[in-house]
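**Student:** Sending over a structure as structure tokens; questions will come in a sec.
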Amino acid sequence: MLDKYVVKNNEKTAHRIIDGEAVVVNLKDSTFHTLNAVATFIWEQADGRIKAEQIIEKICQEFEVDWDTAEKDCLEFLGELVGKDLVFLSQNPVEG
């Protein structure tokens, strides 16, 4: 059911893209996270305006992967990000 939610990066993070991969720092607990190319793509899409299912559609197009694989991997990754307080989910678009 995560796919029905809008995804937004937590403002209590800092990130940089280096050679196509994101390095994300949780400012709350000073943990570092290095993201691969697909995870970086998901991170960049998490702008608070589009739902996870739209991110999955974009993954299918960008990485030429089937829906089931993209959905499974994306939702699993988003669940990890939520658990680490790096993103949050909302039923409606989020400002800022």
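Identifiers for the structure tokens are assigned positionally: chains receive A, B, ... in sequence, residues are indexed from 1 per chain, and ligands are indexed from 1 in the order shown.
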Name the residues in contact with segment 40-51 of chain A at a cut-off of 9 Å, using only C-alpha atoms, excluding same-chain residues fewer than 2 positions from it; report them as a PyMOL selection string.
**Tutor:** chain A and resi 2-9+17+20-23+34-38+53-56+59+74+77-78+87-96
**Student:** If we count only C-alpha atoms, what is near Phe32 of chain A at a cut-off of 12 Å, once residues fewer than 2 positions away on the same chain are taken out, given as a short mmCIF file (atom, residue, chain, number, x, y, z; two decimals) with N, CA and C atoms, in the first residue's frame?
**Tutor:**
data_model
loop_
_atom_site.label_atom_id
_atom_site.label_comp_id
_atom_site.auth_asym_id
_atom_site.auth_seq_id
_atom_site.Cartn_x
_atom_site.Cartn_y
_atom_site.Cartn_z
N THR A 13 17.84 15.92 6.51
CA THR A 13 18.90 15.19 5.84
C THR A 13 19.68 16.16 4.96
N ALA A 14 20.88 15.75 4.63
CA ALA A 14 21.70 16.47 3.64
C ALA A 14 22.14 15.42 2.63
N HIS A 15 22.28 15.83 1.39
CA HIS A 15 22.74 14.85 0.40
C HIS A 15 23.55 15.53 -0.71
N ARG A 16 24.36 14.74 -1.34
CA ARG A 16 25.14 15.14 -2.51
C ARG A 16 25.13 13.99 -3.50
N ALA A 22 24.00 8.98 -4.79
CA ALA A 22 23.76 9.91 -3.69
C ALA A 22 24.43 9.44 -2.41
N VAL A 23 24.92 10.39 -1.67
CA VAL A 23 25.37 10.18 -0.30
C VAL A 23 24.42 11.00 0.56
N VAL A 24 23.70 10.32 1.44
CA VAL A 24 22.69 10.97 2.27
C VAL A 24 23.13 10.90 3.73
N VAL A 25 23.02 12.03 4.41
CA VAL A 25 23.37 12.10 5.83
C VAL A 25 22.12 12.44 6.61
N ASN A 26 21.81 11.61 7.58
CA ASN A 26 20.71 11.91 8.50
C ASN A 26 21.29 12.84 9.55
N LEU A 27 20.87 14.09 9.54
CA LEU A 27 21.42 15.08 10.45
C LEU A 27 21.02 14.83 11.90
N LYS A 28 19.96 14.07 12.08
CA LYS A 28 19.48 13.77 13.43
C LYS A 28 20.45 12.85 14.17
N ASP A 29 20.95 11.82 13.48
CA ASP A 29 21.84 10.86 14.15
C ASP A 29 23.21 10.73 13.48
N SER A 30 23.49 11.59 12.51
CA SER A 30 24.79 11.65 11.82
C SER A 30 25.17 10.35 11.10
N THR A 34 25.03 5.54 1.45
CA THR A 34 25.43 5.64 0.05
C THR A 34 24.40 4.88 -0.78
N LEU A 35 23.85 5.55 -1.79
CA LEU A 35 22.80 4.96 -2.61
C LEU A 35 23.32 4.61 -4.00
N LYS A 84 14.42 4.52 8.54
CA LYS A 84 15.63 5.27 8.93
C LYS A 84 15.35 6.76 9.06
N LEU A 86 14.53 8.88 6.80
CA LEU A 86 15.11 9.66 5.70
C LEU A 86 14.05 10.23 4.77
#
**Student:** Using DSSP on the backbone coordinates, identify the residues of chain A assigned to alpha helix (DSSP H); present them as number ranges by chain.
**Tutor:** A: 37-45, 52-63, 67-83
**Student:** For the selection you just gave me, I'd like the residues written to a file as a PDB file, in the first residue's frame, keeping C-alpha atoms.
**Tutor:**
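Writing done, so here's again_14.pdb:
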ATOM      1  CA  ALA A  37      22.015   4.479  -9.186  1.00  0.00           C
ATOM      2  CA  VAL A  38      18.425   3.202  -8.832  1.00  0.00           C
ATOM      3  CA  ALA A  39      18.189   4.252  -5.183  1.00  0.00           C
ATOM      4  CA  THR A  40      19.544   7.680  -6.138  1.00  0.00           C
ATOM      5  CA  PHE A  41      16.880   7.942  -8.838  1.00  0.00           C
ATOM      6  CA  ILE A  42      14.187   7.147  -6.244  1.00  0.00           C
ATOM      7  CA  TRP A  43      15.718   9.651  -3.812  1.00  0.00           C
ATOM      8  CA  GLU A  44      15.656  12.388  -6.457  1.00  0.00           C
ATOM      9  CA  GLN A  45      11.995  11.680  -7.275  1.00  0.00           C
ATOM     10  CA  ALA A  52       5.333   6.088  -5.085  1.00  0.00           C
ATOM     11  CA  GLU A  53       3.419   4.387  -7.909  1.00  0.00           C
ATOM     12  CA  GLN A  54       4.490   7.224 -10.235  1.00  0.00           C
ATOM     13  CA  ILE A  55       8.096   6.720  -9.139  1.00  0.00           C
ATOM     14  CA  ILE A  56       7.716   3.026 -10.005  1.00  0.00           C
ATOM     15  CA  GLU A  57       6.453   3.952 -13.483  1.00  0.00           C
ATOM     16  CA  LYS A  58       9.489   6.186 -13.984  1.00  0.00           C
ATOM     17  CA  ILE A  59      11.842   3.405 -12.824  1.00  0.00           C
ATOM     18  CA  CYS A  60      10.318   1.070 -15.417  1.00  0.00           C
ATOM     19  CA  GLN A  61      10.960   3.623 -18.146  1.00  0.00           C
ATOM     20  CA  GLU A  62      14.406   4.771 -17.019  1.00  0.00           C
ATOM     21  CA  PHE A  63      15.892   1.366 -16.213  1.00  0.00           C
ATOM     22  CA  TRP A  67       6.620  -3.401 -13.167  1.00  0.00           C
ATOM     23  CA  ASP A  68       6.675  -6.247 -10.626  1.00  0.00           C
ATOM     24  CA  THR A  69      10.427  -6.013 -10.081  1.00  0.00           C
ATOM     25  CA  ALA A  70      10.397  -2.216  -9.915  1.00  0.00           C
ATOM     26  CA  GLU A  71       7.468  -2.203  -7.509  1.00  0.00           C
ATOM     27  CA  LYS A  72       8.968  -4.791  -5.170  1.00  0.00           C
ATOM     28  CA  ASP A  73      12.386  -3.154  -5.058  1.00  0.00           C
ATOM     29  CA  CYS A  74      11.101   0.428  -4.838  1.00  0.00           C
ATOM     30  CA  LEU A  75       8.606  -0.249  -2.060  1.00  0.00           C
ATOM     31  CA  GLU A  76      11.158  -2.264  -0.104  1.00  0.00           C
ATOM     32  CA  PHE A  77      13.670   0.579  -0.421  1.00  0.00           C
ATOM     33  CA  LEU A  78      11.093   3.208   0.541  1.00  0.00           C
ATOM     34  CA  GLY A  79      10.194   1.134   3.590  1.00  0.00           C
ATOM     35  CA  GLU A  80      13.868   1.154   4.601  1.00  0.00           C
ATOM     36  CA  LEU A  81      14.080   4.923   4.107  1.00  0.00           C
ATOM     37  CA  VAL A  82      10.978   5.484   6.208  1.00  0.00           C
ATOM     38  CA  GLY A  83      12.423   3.221   8.905  1.00  0.00           C
TER      39      GLY A  83
END
**Student:** Would you please give, as a list in words, all residues of chain A that DSSP assigns to strand (DSSP E) based on the backbone?
**Tutor:**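 Filtering chain A down to strand (DSSP E) leaves Val6, Val7, Lys8, Asn9, Thr13, Ala14, His15, Arg16, Ile17, Ile18, Glu21, Ala22, Val23, Val24, Val25, Asn26, Thr31, Phe32, His33, Thr34, Asp47, Gly48, Arg49, Ile50, Lys51, Val87, Phe88, Leu89 and Ser90 of chain A.
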